[in-house]
>>> print(open('data10.cif').read())   # mmCIF, C-alpha atoms (C1' of nucleotides)
data_final
#
loop_
_atom_site.label_atom_id
_atom_site.label_comp_id
_atom_site.auth_asym_id
_atom_site.auth_seq_id
_atom_site.Cartn_x
_atom_site.Cartn_y
_atom_site.Cartn_z
CA MET E 20 -154.47 -28.95 -3.92
CA MET E 21 -153.57 -32.55 -4.53
CA ALA E 22 -155.63 -34.00 -1.78
CA ASP E 23 -155.39 -37.31 -3.56
CA VAL E 24 -153.99 -40.17 -1.60
CA ASP E 25 -152.36 -42.54 -4.02
CA ALA E 26 -149.23 -44.59 -3.78
CA GLN E 27 -147.10 -41.65 -4.68
CA ALA E 28 -147.86 -39.90 -1.43
CA GLU E 29 -146.08 -42.62 0.46
CA HIS E 30 -142.66 -41.66 -0.75
CA GLY E 31 -143.37 -38.21 -1.98
CA ARG E 32 -142.86 -38.81 -5.67
CA PRO E 33 -145.08 -40.37 -8.34
CA ARG E 34 -144.87 -44.10 -8.63
CA LYS E 35 -142.98 -45.28 -11.66
CA ARG E 36 -144.51 -47.19 -14.47
CA ALA E 37 -144.10 -50.95 -14.24
CA ASP E 38 -141.97 -51.19 -17.38
CA ALA E 39 -139.67 -48.49 -16.03
CA ARG E 40 -139.06 -50.36 -12.80
CA ARG E 41 -138.44 -53.55 -14.72
CA ASN E 42 -135.96 -51.85 -17.01
CA GLU E 43 -134.11 -50.32 -14.10
CA GLN E 44 -133.52 -53.74 -12.59
CA THR E 45 -132.58 -55.22 -15.96
CA LEU E 46 -130.06 -52.42 -16.37
CA LEU E 47 -128.55 -52.98 -12.96
CA ASP E 48 -128.09 -56.66 -13.70
CA ALA E 49 -126.65 -55.98 -17.13
CA ALA E 50 -124.32 -53.32 -15.79
CA ALA E 51 -123.04 -55.59 -13.03
CA ALA E 52 -122.26 -58.27 -15.61
CA VAL E 53 -120.56 -55.86 -18.01
CA PHE E 54 -118.54 -54.25 -15.20
CA VAL E 55 -117.20 -57.65 -14.24
CA ALA E 56 -116.35 -58.52 -17.81
CA ALA E 57 -115.01 -55.19 -19.04
CA GLY E 58 -114.53 -52.90 -16.06
CA VAL E 59 -116.54 -49.94 -14.90
CA GLU E 60 -115.44 -47.90 -17.91
CA ALA E 61 -117.21 -50.16 -20.39
CA PRO E 62 -119.04 -48.27 -23.16
CA VAL E 63 -122.57 -47.24 -22.30
CA ARG E 64 -123.72 -48.84 -25.53
CA ASP E 65 -122.45 -52.22 -24.36
CA ILE E 66 -124.51 -52.03 -21.20
CA ALA E 67 -127.60 -50.97 -23.12
CA ALA E 68 -127.08 -53.81 -25.58
CA LYS E 69 -126.59 -56.35 -22.82
CA ALA E 70 -129.80 -55.17 -21.19
CA GLY E 71 -131.60 -55.11 -24.51
CA VAL E 72 -132.70 -51.51 -24.13
CA GLY E 73 -132.08 -48.34 -26.10
CA LEU E 74 -129.56 -45.67 -25.24
CA GLY E 75 -132.21 -43.24 -24.17
CA THR E 76 -133.44 -45.65 -21.56
CA ILE E 77 -130.13 -46.03 -19.84
CA TYR E 78 -129.59 -42.27 -19.72
CA ARG E 79 -133.06 -41.70 -18.38
CA HIS E 80 -132.53 -44.07 -15.49
CA PHE E 81 -128.90 -43.20 -14.81
CA PRO E 82 -127.96 -39.74 -16.04
CA THR E 83 -124.26 -40.35 -15.46
CA ARG E 84 -122.17 -43.46 -15.43
CA ALA E 85 -121.37 -42.71 -11.83
CA ASP E 86 -125.04 -43.05 -10.88
CA LEU E 87 -125.07 -46.49 -12.40
CA ILE E 88 -121.89 -47.53 -10.63
CA ILE E 89 -123.22 -46.32 -7.32
CA ALA E 90 -126.48 -48.16 -7.82
CA VAL E 91 -124.67 -51.39 -8.68
CA TYR E 92 -122.30 -51.27 -5.73
CA ARG E 93 -124.39 -49.46 -3.16
CA HIS E 94 -124.99 -52.57 -1.08
CA GLN E 95 -121.33 -53.44 -0.81
CA ALA E 96 -120.36 -49.87 -0.06
CA GLU E 97 -122.97 -49.61 2.66
CA ALA E 98 -121.74 -52.83 4.19
CA CYS E 99 -118.25 -51.40 4.25
CA ALA E 100 -119.42 -48.20 5.87
CA GLN E 101 -121.34 -50.19 8.43
CA ALA E 102 -118.34 -52.35 9.27
CA GLY E 103 -116.55 -49.32 10.71
CA PRO E 104 -118.62 -48.87 13.84
CA ASP E 105 -118.88 -52.65 14.21
CA LEU E 106 -115.13 -53.11 14.24
CA LEU E 107 -114.72 -50.28 16.66
CA ALA E 108 -117.27 -51.83 18.99
CA SER E 109 -115.70 -55.26 18.76
CA GLY E 110 -113.17 -54.49 21.44
CA ILE E 111 -109.96 -54.88 19.44
CA ALA E 112 -107.35 -52.15 19.50
CA PRO E 113 -108.43 -49.14 17.42
CA HIS E 114 -105.43 -49.29 15.13
CA LEU E 115 -106.24 -52.92 14.42
CA ALA E 116 -109.82 -52.02 13.70
CA LEU E 117 -108.59 -49.37 11.30
CA THR E 118 -106.32 -51.88 9.57
CA ARG E 119 -109.13 -54.38 9.21
CA TRP E 120 -111.47 -51.75 7.88
CA ILE E 121 -108.97 -50.61 5.30
CA ASP E 122 -108.61 -54.24 4.30
CA LEU E 123 -112.32 -54.31 3.62
CA PHE E 124 -112.15 -51.10 1.65
CA VAL E 125 -109.26 -52.38 -0.41
CA ASP E 126 -111.08 -55.66 -1.06
CA PHE E 127 -114.01 -53.66 -2.28
CA LEU E 128 -111.86 -51.62 -4.64
CA VAL E 129 -109.53 -54.20 -6.09
CA THR E 130 -112.35 -56.56 -7.02
CA LYS E 131 -113.91 -53.91 -9.28
CA HIS E 132 -111.79 -53.43 -12.32
CA GLY E 133 -111.22 -49.72 -12.92
CA LEU E 134 -113.16 -48.48 -9.92
CA ALA E 135 -110.14 -47.10 -8.10
CA ALA E 136 -109.11 -45.16 -11.18
CA ALA E 137 -112.63 -43.84 -11.55
CA LEU E 138 -112.50 -42.38 -8.07
CA GLN E 139 -110.13 -39.65 -9.19
CA PRO E 140 -111.90 -36.44 -8.27
CA ASP E 141 -110.74 -34.54 -11.34
CA ASN E 142 -112.99 -36.45 -13.72
CA PRO E 143 -116.35 -34.65 -13.64
CA GLU E 144 -118.08 -37.72 -15.05
CA TYR E 145 -117.55 -39.46 -11.73
CA ALA E 146 -118.40 -36.57 -9.44
CA PRO E 147 -121.51 -38.27 -7.99
CA LEU E 148 -119.51 -41.39 -7.22
CA HIS E 149 -116.91 -39.31 -5.50
CA ALA E 150 -119.51 -37.46 -3.51
CA TYR E 151 -121.05 -40.72 -2.43
CA ILE E 152 -117.77 -42.12 -1.15
CA LEU E 153 -117.08 -38.90 0.67
CA ASP E 154 -120.44 -39.07 2.22
CA ARG E 155 -120.53 -42.65 3.36
CA LEU E 156 -117.04 -44.04 3.61
CA VAL E 157 -114.90 -41.11 4.69
CA PRO E 158 -116.85 -40.57 7.93
CA ALA E 159 -116.47 -44.26 8.77
CA CYS E 160 -112.77 -43.99 8.22
CA ALA E 161 -112.57 -40.80 10.21
CA GLN E 162 -114.20 -42.45 13.19
CA LEU E 163 -111.65 -45.25 13.21
CA LEU E 164 -108.81 -42.85 12.66
CA ASP E 165 -109.91 -40.63 15.52
CA ALA E 166 -110.21 -43.58 17.85
CA ALA E 167 -106.71 -44.76 17.02
CA VAL E 168 -105.33 -41.26 17.46
CA ALA E 169 -107.15 -40.90 20.77
CA ALA E 170 -105.61 -44.19 21.90
CA GLY E 171 -102.21 -42.80 21.00
CA GLU E 172 -101.63 -45.65 18.58
CA ILE E 173 -101.02 -43.65 15.41
CA ARG E 174 -99.76 -40.25 14.43
CA SER E 175 -102.27 -37.47 14.37
CA ASP E 176 -101.23 -35.55 11.29
CA VAL E 177 -103.26 -37.52 8.78
CA ASP E 178 -106.87 -36.87 7.91
CA ALA E 179 -109.39 -39.45 6.76
CA LEU E 180 -110.00 -37.80 3.40
CA GLY E 181 -106.35 -37.73 2.50
CA LEU E 182 -105.82 -41.26 3.73
CA MET E 183 -108.75 -42.59 1.71
CA HIS E 184 -107.56 -40.73 -1.34
CA GLY E 185 -104.10 -42.22 -0.92
CA ILE E 186 -105.36 -45.74 -0.28
CA GLY E 187 -107.65 -45.47 -3.28
CA ASN E 188 -104.77 -44.31 -5.43
CA LEU E 189 -102.61 -47.19 -4.30
CA CYS E 190 -105.29 -49.59 -5.49
CA ILE E 191 -105.10 -48.31 -9.05
CA GLY E 192 -103.51 -50.83 -11.36
CA SER E 193 -103.77 -53.67 -8.91
CA ASP E 194 -104.53 -55.97 -11.84
CA ASP E 195 -100.90 -55.73 -12.80
CA PRO E 196 -99.25 -58.91 -11.48
CA ASN E 197 -96.06 -56.92 -10.94
CA TYR E 198 -97.70 -54.55 -8.54
CA ASP E 199 -98.85 -55.43 -5.07
CA ALA E 200 -101.17 -52.70 -3.85
CA ARG E 201 -101.62 -54.37 -0.49
CA ARG E 202 -97.94 -54.25 0.27
CA MET E 203 -97.83 -50.52 -0.38
CA ILE E 204 -100.84 -50.01 1.82
CA GLU E 205 -99.16 -52.07 4.49
CA LEU E 206 -96.25 -49.63 4.33
CA VAL E 207 -98.58 -46.67 4.73
CA LEU E 208 -100.16 -48.24 7.77
CA ALA E 209 -96.78 -49.06 9.24
CA GLY E 210 -95.82 -45.45 8.63
CA LEU E 211 -98.94 -44.31 10.42
CA ARG E 212 -97.84 -46.10 13.57
CA THR E 213 -94.51 -44.35 13.47
CA PRO E 214 -94.01 -41.34 15.76
CA ARG E 215 -94.09 -37.99 14.05
CA MET O 23 -62.43 -32.55 -39.49
CA MET O 24 -62.83 -35.53 -41.68
CA ALA O 25 -64.35 -35.37 -45.09
CA ASP O 26 -67.88 -35.83 -44.00
CA VAL O 27 -69.59 -35.13 -47.23
CA ASP O 28 -72.85 -35.83 -45.71
CA ALA O 29 -73.80 -35.19 -42.15
CA GLN O 30 -75.98 -38.26 -42.22
CA ALA O 31 -73.01 -40.58 -42.06
CA GLU O 32 -72.34 -39.40 -38.56
CA HIS O 33 -75.43 -40.94 -37.08
CA GLY O 34 -76.26 -43.54 -39.60
CA ARG O 35 -79.59 -42.32 -40.80
CA PRO O 36 -80.47 -39.82 -43.50
CA ARG O 37 -80.51 -36.21 -42.48
CA LYS O 38 -84.01 -34.84 -42.14
CA ARG O 39 -85.28 -32.11 -44.31
CA ALA O 40 -84.93 -28.64 -42.85
CA ASP O 41 -88.66 -28.02 -42.65
CA ALA O 42 -89.12 -31.31 -40.81
CA ARG O 43 -86.57 -30.40 -38.18
CA ARG O 44 -88.11 -26.99 -37.75
CA ASN O 45 -91.56 -28.48 -37.34
CA GLU O 46 -90.35 -30.97 -34.78
CA GLN O 47 -89.00 -28.20 -32.61
CA THR O 48 -92.12 -26.11 -33.10
CA LEU O 49 -94.20 -29.09 -32.01
CA LEU O 50 -92.12 -29.66 -28.91
CA ASP O 51 -92.54 -26.03 -27.89
CA ALA O 52 -96.25 -26.05 -28.60
CA ALA O 53 -96.74 -29.31 -26.74
CA ALA O 54 -94.87 -28.03 -23.71
CA ALA O 55 -97.08 -24.96 -23.62
CA VAL O 56 -100.30 -26.91 -24.07
CA PHE O 57 -99.29 -29.49 -21.45
CA VAL O 58 -98.80 -26.70 -18.94
CA ALA O 59 -102.09 -25.09 -19.80
CA ALA O 60 -104.27 -28.16 -20.20
CA GLY O 61 -102.35 -31.19 -18.94
CA VAL O 62 -100.67 -34.00 -20.83
CA GLU O 63 -104.02 -35.34 -21.98
CA ALA O 64 -104.84 -32.29 -24.06
CA PRO O 65 -106.34 -33.09 -27.47
CA VAL O 66 -103.83 -33.72 -30.24
CA ARG O 67 -105.66 -31.16 -32.36
CA ASP O 68 -104.97 -28.46 -29.81
CA ILE O 69 -101.27 -29.11 -29.97
CA ALA O 70 -101.29 -29.15 -33.75
CA ALA O 71 -103.25 -25.91 -33.81
CA LYS O 72 -100.92 -24.25 -31.33
CA ALA O 73 -97.98 -25.28 -33.46
CA GLY O 74 -99.75 -24.21 -36.62
CA VAL O 75 -99.29 -27.56 -38.34
CA GLY O 76 -101.66 -30.20 -39.67
CA LEU O 77 -102.65 -33.37 -37.89
CA GLY O 78 -100.61 -35.54 -40.22
CA THR O 79 -97.48 -33.68 -39.26
CA ILE O 80 -97.83 -34.29 -35.56
CA TYR O 81 -98.47 -38.00 -36.07
CA ARG O 82 -95.54 -38.31 -38.42
CA HIS O 83 -93.14 -36.86 -35.87
CA PHE O 84 -94.69 -38.45 -32.79
CA PRO O 85 -96.65 -41.60 -33.57
CA THR O 86 -98.12 -41.76 -30.08
CA ARG O 87 -98.85 -39.13 -27.51
CA ALA O 88 -96.42 -40.90 -25.24
CA ASP O 89 -93.58 -40.22 -27.69
CA LEU O 90 -94.39 -36.54 -27.53
CA ILE O 91 -94.53 -36.51 -23.76
CA ILE O 92 -91.23 -38.32 -23.51
CA ALA O 93 -89.62 -35.91 -25.93
CA VAL O 94 -90.89 -32.91 -23.99
CA TYR O 95 -89.76 -34.15 -20.59
CA ARG O 96 -86.73 -36.22 -21.52
CA HIS O 97 -84.27 -33.72 -20.13
CA GLN O 98 -85.92 -33.56 -16.76
CA ALA O 99 -86.34 -37.30 -16.56
CA GLU O 100 -82.71 -37.87 -17.42
CA ALA O 101 -81.65 -35.41 -14.77
CA CYS O 102 -83.71 -37.32 -12.25
CA ALA O 103 -82.19 -40.63 -13.30
CA GLN O 104 -78.73 -39.12 -13.06
CA ALA O 105 -79.37 -37.76 -9.57
CA GLY O 106 -79.60 -41.31 -8.21
CA PRO O 107 -75.95 -42.25 -8.49
CA ASP O 108 -74.96 -38.72 -7.49
CA LEU O 109 -76.92 -38.88 -4.27
CA LEU O 110 -75.54 -42.28 -3.50
CA ALA O 111 -72.00 -41.04 -4.02
CA SER O 112 -72.55 -37.97 -1.88
CA GLY O 113 -71.84 -39.80 1.32
CA ILE O 114 -75.17 -39.40 3.06
CA ALA O 115 -76.95 -42.42 4.51
CA PRO O 116 -78.49 -44.54 1.76
CA HIS O 117 -82.00 -44.25 3.13
CA LEU O 118 -81.62 -40.49 3.11
CA ALA O 119 -80.38 -40.60 -0.45
CA LEU O 120 -83.45 -42.66 -1.33
CA THR O 121 -85.73 -40.16 0.35
CA ARG O 122 -84.15 -37.27 -1.46
CA TRP O 123 -84.35 -39.04 -4.77
CA ILE O 124 -88.01 -39.82 -4.31
CA ASP O 125 -88.52 -36.15 -3.52
CA LEU O 126 -87.04 -35.33 -6.91
CA PHE O 127 -89.21 -37.89 -8.61
CA VAL O 128 -92.30 -36.56 -6.90
CA ASP O 129 -91.38 -33.00 -7.84
CA PHE O 130 -91.08 -34.12 -11.42
CA LEU O 131 -94.50 -35.78 -11.37
CA VAL O 132 -96.59 -33.28 -9.47
CA THR O 133 -95.50 -30.37 -11.62
CA LYS O 134 -96.90 -32.04 -14.75
CA HIS O 135 -100.65 -32.04 -14.67
CA GLY O 136 -101.95 -35.49 -15.51
CA LEU O 137 -98.60 -37.17 -15.94
CA ALA O 138 -98.93 -39.43 -12.92
CA ALA O 139 -102.30 -40.62 -14.11
CA ALA O 140 -100.87 -41.24 -17.55
CA LEU O 141 -98.27 -43.57 -16.11
CA GLN O 142 -100.87 -46.24 -15.46
CA PRO O 143 -99.60 -49.26 -17.34
CA ASP O 144 -103.03 -50.43 -18.44
CA ASN O 145 -103.49 -47.66 -20.97
CA PRO O 146 -101.83 -48.89 -24.16
CA GLU O 147 -101.61 -45.34 -25.46
CA TYR O 148 -98.91 -44.63 -22.91
CA ALA O 149 -96.95 -47.83 -23.27
CA PRO O 150 -93.82 -46.10 -24.63
CA LEU O 151 -93.85 -43.65 -21.75
CA HIS O 152 -94.16 -46.48 -19.33
CA ALA O 153 -91.34 -48.37 -20.97
CA TYR O 154 -89.17 -45.29 -20.80
CA ILE O 155 -89.71 -44.83 -17.09
CA LEU O 156 -89.06 -48.49 -16.49
CA ASP O 157 -85.88 -48.20 -18.44
CA ARG O 158 -84.41 -45.07 -16.96
CA LEU O 159 -85.93 -44.36 -13.60
CA VAL O 160 -86.64 -47.77 -12.08
CA PRO O 161 -82.97 -48.84 -12.21
CA ALA O 162 -81.96 -45.62 -10.50
CA CYS O 163 -84.48 -46.29 -7.78
CA ALA O 164 -83.39 -49.92 -7.50
CA GLN O 165 -79.82 -48.88 -6.90
CA LEU O 166 -80.79 -46.61 -4.04
CA LEU O 167 -83.14 -49.20 -2.63
CA ASP O 168 -80.49 -51.90 -2.72
CA ALA O 169 -77.98 -49.66 -1.00
CA ALA O 170 -80.42 -48.87 1.79
CA VAL O 171 -81.30 -52.53 2.19
CA ALA O 172 -77.63 -53.48 2.24
CA ALA O 173 -77.07 -50.91 4.96
CA GLY O 174 -79.87 -52.50 6.93
CA GLU O 175 -81.78 -49.24 6.98
CA ILE O 176 -85.00 -50.37 5.38
CA ARG O 177 -87.00 -53.53 5.02
CA SER O 178 -86.08 -55.78 2.18
CA ASP O 179 -89.47 -56.94 0.96
CA VAL O 180 -90.15 -54.08 -1.43
CA ASP O 181 -88.98 -53.91 -5.03
CA ALA O 182 -88.18 -50.77 -6.97
CA LEU O 183 -90.86 -51.34 -9.59
CA GLY O 184 -93.62 -51.73 -7.04
CA LEU O 185 -92.37 -48.78 -5.03
CA MET O 186 -92.25 -46.52 -8.08
CA HIS O 187 -95.69 -47.66 -9.11
CA GLY O 188 -97.00 -46.88 -5.67
CA ILE O 189 -95.30 -43.51 -5.43
CA GLY O 190 -96.55 -42.61 -8.88
CA ASN O 191 -100.06 -43.59 -7.88
CA LEU O 192 -99.89 -41.47 -4.77
CA CYS O 193 -99.07 -38.47 -6.92
CA ILE O 194 -102.29 -38.74 -8.88
CA GLY O 195 -104.70 -35.98 -8.05
CA SER O 196 -102.13 -33.88 -6.27
CA ASP O 197 -103.79 -30.80 -7.76
CA ASP O 198 -106.58 -31.30 -5.29
CA PRO O 199 -105.89 -28.87 -2.44
CA ASN O 200 -107.48 -31.37 -0.03
CA TYR O 201 -104.97 -34.04 -0.84
CA ASP O 202 -101.35 -33.97 0.18
CA ALA O 203 -99.49 -36.57 -1.86
CA ARG O 204 -96.23 -35.80 -0.11
CA ARG O 205 -97.62 -36.67 3.26
CA MET O 206 -98.77 -40.06 2.02
CA ILE O 207 -95.39 -40.70 0.50
CA GLU O 208 -93.79 -39.70 3.76
CA LEU O 209 -95.86 -42.41 5.42
CA VAL O 210 -94.70 -45.00 2.90
CA LEU O 211 -91.11 -44.08 3.52
CA ALA O 212 -91.61 -44.21 7.27
CA GLY O 213 -93.16 -47.63 6.79
CA LEU O 214 -90.16 -48.72 4.79
CA ARG O 215 -87.89 -48.03 7.73
CA THR O 216 -90.04 -50.17 9.95
CA PRO O 217 -88.89 -53.73 10.66
CA ARG O 218 -90.77 -56.42 8.83
"C1'" DC A 19 -161.71 -47.84 -23.84
"C1'" DA A 20 -160.21 -43.22 -24.54
"C1'" DA A 21 -156.85 -39.95 -23.27
"C1'" DC A 22 -152.74 -38.76 -21.41
"C1'" DA A 23 -148.47 -38.91 -19.04
"C1'" DT A 24 -144.55 -41.61 -19.14
"C1'" DA A 25 -141.08 -44.35 -21.09
"C1'" DC A 26 -138.89 -46.21 -25.04
"C1'" DG A 27 -135.59 -46.70 -29.08
"C1'" DG A 28 -132.25 -45.21 -31.73
"C1'" DA A 29 -130.90 -41.68 -35.16
"C1'" DA A 30 -128.03 -37.86 -35.02
"C1'" DC A 31 -124.55 -34.92 -33.23
"C1'" DC A 32 -120.15 -33.83 -30.74
"C1'" DT A 33 -115.48 -34.63 -29.48
"C1'" DT A 34 -111.21 -36.91 -29.97
"C1'" DG A 35 -108.01 -40.33 -31.94
"C1'" DT A 36 -106.06 -42.09 -36.19
"C1'" DT A 37 -105.33 -43.05 -41.08
"C1'" DC A 38 -104.63 -41.90 -45.77
"C1'" DC A 39 -103.68 -39.60 -49.88
"C1'" DG A 40 -103.32 -35.72 -53.11
"C1'" DT A 41 -100.29 -31.84 -53.11
"C1'" DC A 42 -96.29 -29.26 -52.17
"C1'" DT A 43 -91.34 -28.41 -51.38
"C1'" DG A 44 -86.42 -29.14 -49.97
"C1'" DT A 45 -82.42 -31.13 -51.87
"C1'" DC A 46 -79.49 -33.04 -55.08
"C1'" DT A 47 -77.60 -33.51 -59.52
"C1'" DA A 48 -76.77 -32.35 -64.20
"C1'" DT I 10 -80.32 -22.82 -62.56
"C1'" DA I 11 -83.64 -26.28 -63.80
"C1'" DG I 12 -85.69 -30.80 -63.37
"C1'" DA I 13 -86.77 -34.79 -60.79
"C1'" DC I 14 -88.04 -37.04 -56.79
"C1'" DA I 15 -88.00 -38.47 -51.95
"C1'" DG I 16 -89.86 -36.69 -48.17
"C1'" DA I 17 -93.01 -33.82 -45.71
"C1'" DC I 18 -97.32 -31.41 -45.43
"C1'" DG I 19 -102.38 -30.48 -44.55
"C1'" DG I 20 -106.56 -31.83 -43.59
"C1'" DA I 21 -110.54 -34.65 -45.19
"C1'" DA I 22 -112.42 -38.85 -43.78
"C1'" DC I 23 -113.27 -42.60 -40.75
"C1'" DA I 24 -113.84 -44.88 -36.08
"C1'" DA I 25 -115.38 -44.92 -31.35
"C1'" DG I 26 -117.67 -43.38 -27.56
"C1'" DG I 27 -120.67 -39.97 -24.98
"C1'" DT I 28 -124.91 -37.41 -25.02
"C1'" DT I 29 -129.18 -35.31 -26.70
"C1'" DC I 30 -133.61 -35.28 -28.73
"C1'" DC I 31 -137.92 -36.47 -30.51
"C1'" DG I 32 -141.38 -39.37 -32.85
"C1'" DT I 33 -143.51 -43.54 -31.38
"C1'" DA I 34 -145.29 -46.93 -28.20
"C1'" DT I 35 -147.43 -48.27 -23.97
"C1'" DG I 36 -148.81 -48.33 -18.96
"C1'" DT I 37 -152.28 -46.16 -16.19
"C1'" DT I 38 -156.26 -43.92 -14.94
"C1'" DG I 39 -161.03 -42.29 -15.05
#
>>> encode(input="data10.cif", output="C-alpha cells")
Amino acid sequence: MMADVDAQAEHGRPRKRADARRNEQTLLDAAAAVFVAAGVEAPVRDIAAKAGVGLGTIYRHFPTRADLIIAVYRHQAEACAQAGPDLLASGIAPHLALTRWIDLFVDFLVTKHGLAAALQPDNPEYAPLHAYILDRLVPACAQLLDAAVAAGEIRSDVDALGLMHGIGNLCIGSDDPNYDARRMIELVLAGLRTPR
Amino acid sequence: MMADVDAQAEHGRPRKRADARRNEQTLLDAAAAVFVAAGVEAPVRDIAAKAGVGLGTIYRHFPTRADLIIAVYRHQAEACAQAGPDLLASGIAPHLALTRWIDLFVDFLVTKHGLAAALQPDNPEYAPLHAYILDRLVPACAQLLDAAVAAGEIRSDVDALGLMHGIGNLCIGSDDPNYDARRMIELVLAGLRTPR
DNA sequence: CAACATACGGAACCTTGTTCCGTCTGTCTA
DNA sequence: TAGACAGACGGAACAAGGTTCCGTATGTTG
C-alpha cells in the first residue's frame, strides 16, 4: 500500500501541521526564557503561560520535562560532544585536552540553573535527559580519558561514566557564592594525575 | 535530691504531657523505619500513618521535615562530629586523620537514602538540616583541615565548608551501582595532597 | 468547500505539603 | 474524686504542581 509520494515519505513520518510546528518553536523559545529566569525545574504551567499555549499542547510536544530540556540545550550539548575529538586532534597533551573538555562541560552545566541537580539518575522524570547525556557526552569523555590513560598521564582506575557523574554532582549548588565547584573539580583532576 | 516540685524547673520549660512525649518517640521510630524503606523524602503522610497519628501531630512535633531528620540522625551526627577531635588526638598524621574522618562522614551519608541530596542548601525545606551540619560537622572538618595544612601535608586553598559541600555532592546517587562515590572522593583527597 | 485527521485549550484529577480548628484528654487543684 | 483548662489530637480543607482527557477548533486534502 501507500504508494503515495508526499512530503512525509522524505523523513518517514507524516509532516506536521503548520500550527504544530509553530507552537513547538514558540515553546522552545518560551522554555529557554523561563529556564534562564527560574531554572529548569520551573512549573510546566509557567512555560505554557509564557508561550501562550494550553497545558495539553506542551505535553503533546514534549511528553516529559526532560524532552523539553534536551530540545532546548541540544545544540550546546552537541557542541560539547564535538569538542572532544577536536581537542584530542589539536595536538595538546591528552590530559590537557581532558581538562579543557571538562571545563567546557562544567561551563555548560553551571550556566543552567538546576540542570546539574536534574541529572541525578534516580529521578525518573529526567530519565530521557540522562540517557541523552550517556549517549552523547559520556563517549566523548571516554575517548579523552582513554587517550590520557594510554599516554600514561593519569591513573587508569576511573571510568568515564563515574567521572561524569562525579563532575556533574560537583556542579550542583554552584550558585552558592560560598561554594566553588571548579576548585573541587580541579582537585579531582589533580587526583587523577596522581599515581595509584 | 532537692525539692524539685516540678520537673520542669530543671530545664526551664514546662514538662510536656505524657501523650505528647509518647507520640514524639513513636514518630521518631516510625520516621526512622520509613526513611530506611523509602528515603528521607518519603511523604509526611506515610510517616504519620506508620506512626498511627494524624498529620497535625507530626507537624506540631516537627515543624519541618528537616527537624525530623535531624532528630532521627542526631546521635550518629554527633558521633561523627566527636570523632574529629578524637582522630586528631590519636597521634596519626593529620592528613590521615582527615581521610579517616571523611570516611566516617561518607559512611554516614551513603547509608541514608536521599540524605546527601537533601543537603543541597538551595532547598528551603531543609534549611534547618543544613544549619545543623554547618554548626556541628563543618567545624570538626575545619579542625582536621587546619591541622593537615599546618603540617604542610595538604594544599591550603580549600576551606572546610567547600570541601564538605563537595564531598556531600559526590555522595549523591551512591545507590547507583555504576557510580562509586568513594572513588571520586579518593581522587579529591589525592588532589588535596598535591602541591598548588 | 466538505470532510477528516490533527492539534488545541483547559477543566479535572492526583499527589504531597501545610494550615486550621473543633474535639478530646492529661494534669492540677479544690 | 470531680471540675476546669491548657495542651494535644485528628483530619478536613486548601495550595501547588504534574498529568490526563476530551470537546472544540482548525489545517489540509481531495
>>> interface_residues(input="data10.cif", of="chain I", to="chain O", cutoff="10 Å", atoms="only C-alpha atoms (C1' of nucleotides)", output="list in words")
DG16, DA17, DC18, DG19 and DG20 of chain I
>>> atom_distance(input="data10.cif", atom1="atom CA of Ala161 of chain E", atom2="atom CA of Ala179 of chain E")
4.9 Å
>>> closest_residue(input="data10.cif", among="A:DC46, A:DA29, A:DT36, A:DA21", to="DT38 of chain I", atoms="only C-alpha atoms (C1' of nucleotides)")
A:DA21
>>> calpha_fit_rmsd(input="data10.cif", fixed="chain O", moving="chain E")
2.3 Å
>>> resolve_selection(input="data10.cif", expression="the PyMOL selection byres ((chain A) within 9 of (chain E))", output="list in words")
DT24, DA25, DC26, DG27 and DG28 of chain A
>>> resolve_selection(input="data10.cif", expression="the PyMOL selection byres ((chain E) within 10 of (chain O))", output="PyMOL selection string")
chain E and resi 133+136+139-141+176-178+180-192+194-195+197-200+202-215
>>> residues_around(input="data10.cif", residues="segment 26-33 of chain I", least_positions_apart="5", cutoff="9 Å", atoms="all atoms listed in the file", output="compact mmCIF listing (two decimals) with C-alpha atoms (C1' of nucleotides), in the coordinates of the input")
# COMPACT_ATOMS: atom_id res chain seq x y z
CA PRO E 62 -119.04 -48.27 -23.16
CA VAL E 63 -122.57 -47.24 -22.30
CA ARG E 64 -123.72 -48.84 -25.53
CA GLY E 75 -132.21 -43.24 -24.17
CA TYR E 78 -129.59 -42.27 -19.72
C1' DC A 26 -138.89 -46.21 -25.04
C1' DG A 27 -135.59 -46.70 -29.08
C1' DA A 30 -128.03 -37.86 -35.02
C1' DC A 31 -124.55 -34.92 -33.23
C1' DC A 32 -120.15 -33.83 -30.74
C1' DT A 33 -115.48 -34.63 -29.48
>>> atom_distance(input="data10.cif", atom1="atom CA of Ala64 of chain O", atom2="atom CA of Ala93 of chain O")
15.8 Å
>>> atom_distance(input="data10.cif", atom1="atom CA of Cys99 of chain E", atom2="atom CA of Pro196 of chain E")
25.8 Å
>>> resolve_selection(input="data10.cif", expression="the PyMOL selection byres ((chain O and resi 94) around 12)", output="PyMOL selection string")
chain O and resi 46-58+62+84+87-93+95-100+134+137+151
>>> write_last_selection(input="data10.cif", atoms="C-alpha atoms", output="tab-separated table (two decimals), in the coordinates of the input")
chain	number	residue	atom	x	y	z
O	46	GLU	CA	-90.35	-30.97	-34.78
O	47	GLN	CA	-89.00	-28.20	-32.61
O	48	THR	CA	-92.12	-26.11	-33.10
O	49	LEU	CA	-94.20	-29.09	-32.01
O	50	LEU	CA	-92.12	-29.66	-28.91
O	51	ASP	CA	-92.54	-26.03	-27.89
O	52	ALA	CA	-96.25	-26.05	-28.60
O	53	ALA	CA	-96.74	-29.31	-26.74
O	54	ALA	CA	-94.87	-28.03	-23.71
O	55	ALA	CA	-97.08	-24.96	-23.62
O	56	VAL	CA	-100.30	-26.91	-24.07
O	57	PHE	CA	-99.29	-29.49	-21.45
O	58	VAL	CA	-98.80	-26.70	-18.94
O	62	VAL	CA	-100.67	-34.00	-20.83
O	84	PHE	CA	-94.69	-38.45	-32.79
O	87	ARG	CA	-98.85	-39.13	-27.51
O	88	ALA	CA	-96.42	-40.90	-25.24
O	89	ASP	CA	-93.58	-40.22	-27.69
O	90	LEU	CA	-94.39	-36.54	-27.53
O	91	ILE	CA	-94.53	-36.51	-23.76
O	92	ILE	CA	-91.23	-38.32	-23.51
O	93	ALA	CA	-89.62	-35.91	-25.93
O	95	TYR	CA	-89.76	-34.15	-20.59
O	96	ARG	CA	-86.73	-36.22	-21.52
O	97	HIS	CA	-84.27	-33.72	-20.13
O	98	GLN	CA	-85.92	-33.56	-16.76
O	99	ALA	CA	-86.34	-37.30	-16.56
O	100	GLU	CA	-82.71	-37.87	-17.42
O	134	LYS	CA	-96.90	-32.04	-14.75
O	137	LEU	CA	-98.60	-37.17	-15.94
O	151	LEU	CA	-93.85	-43.65	-21.75
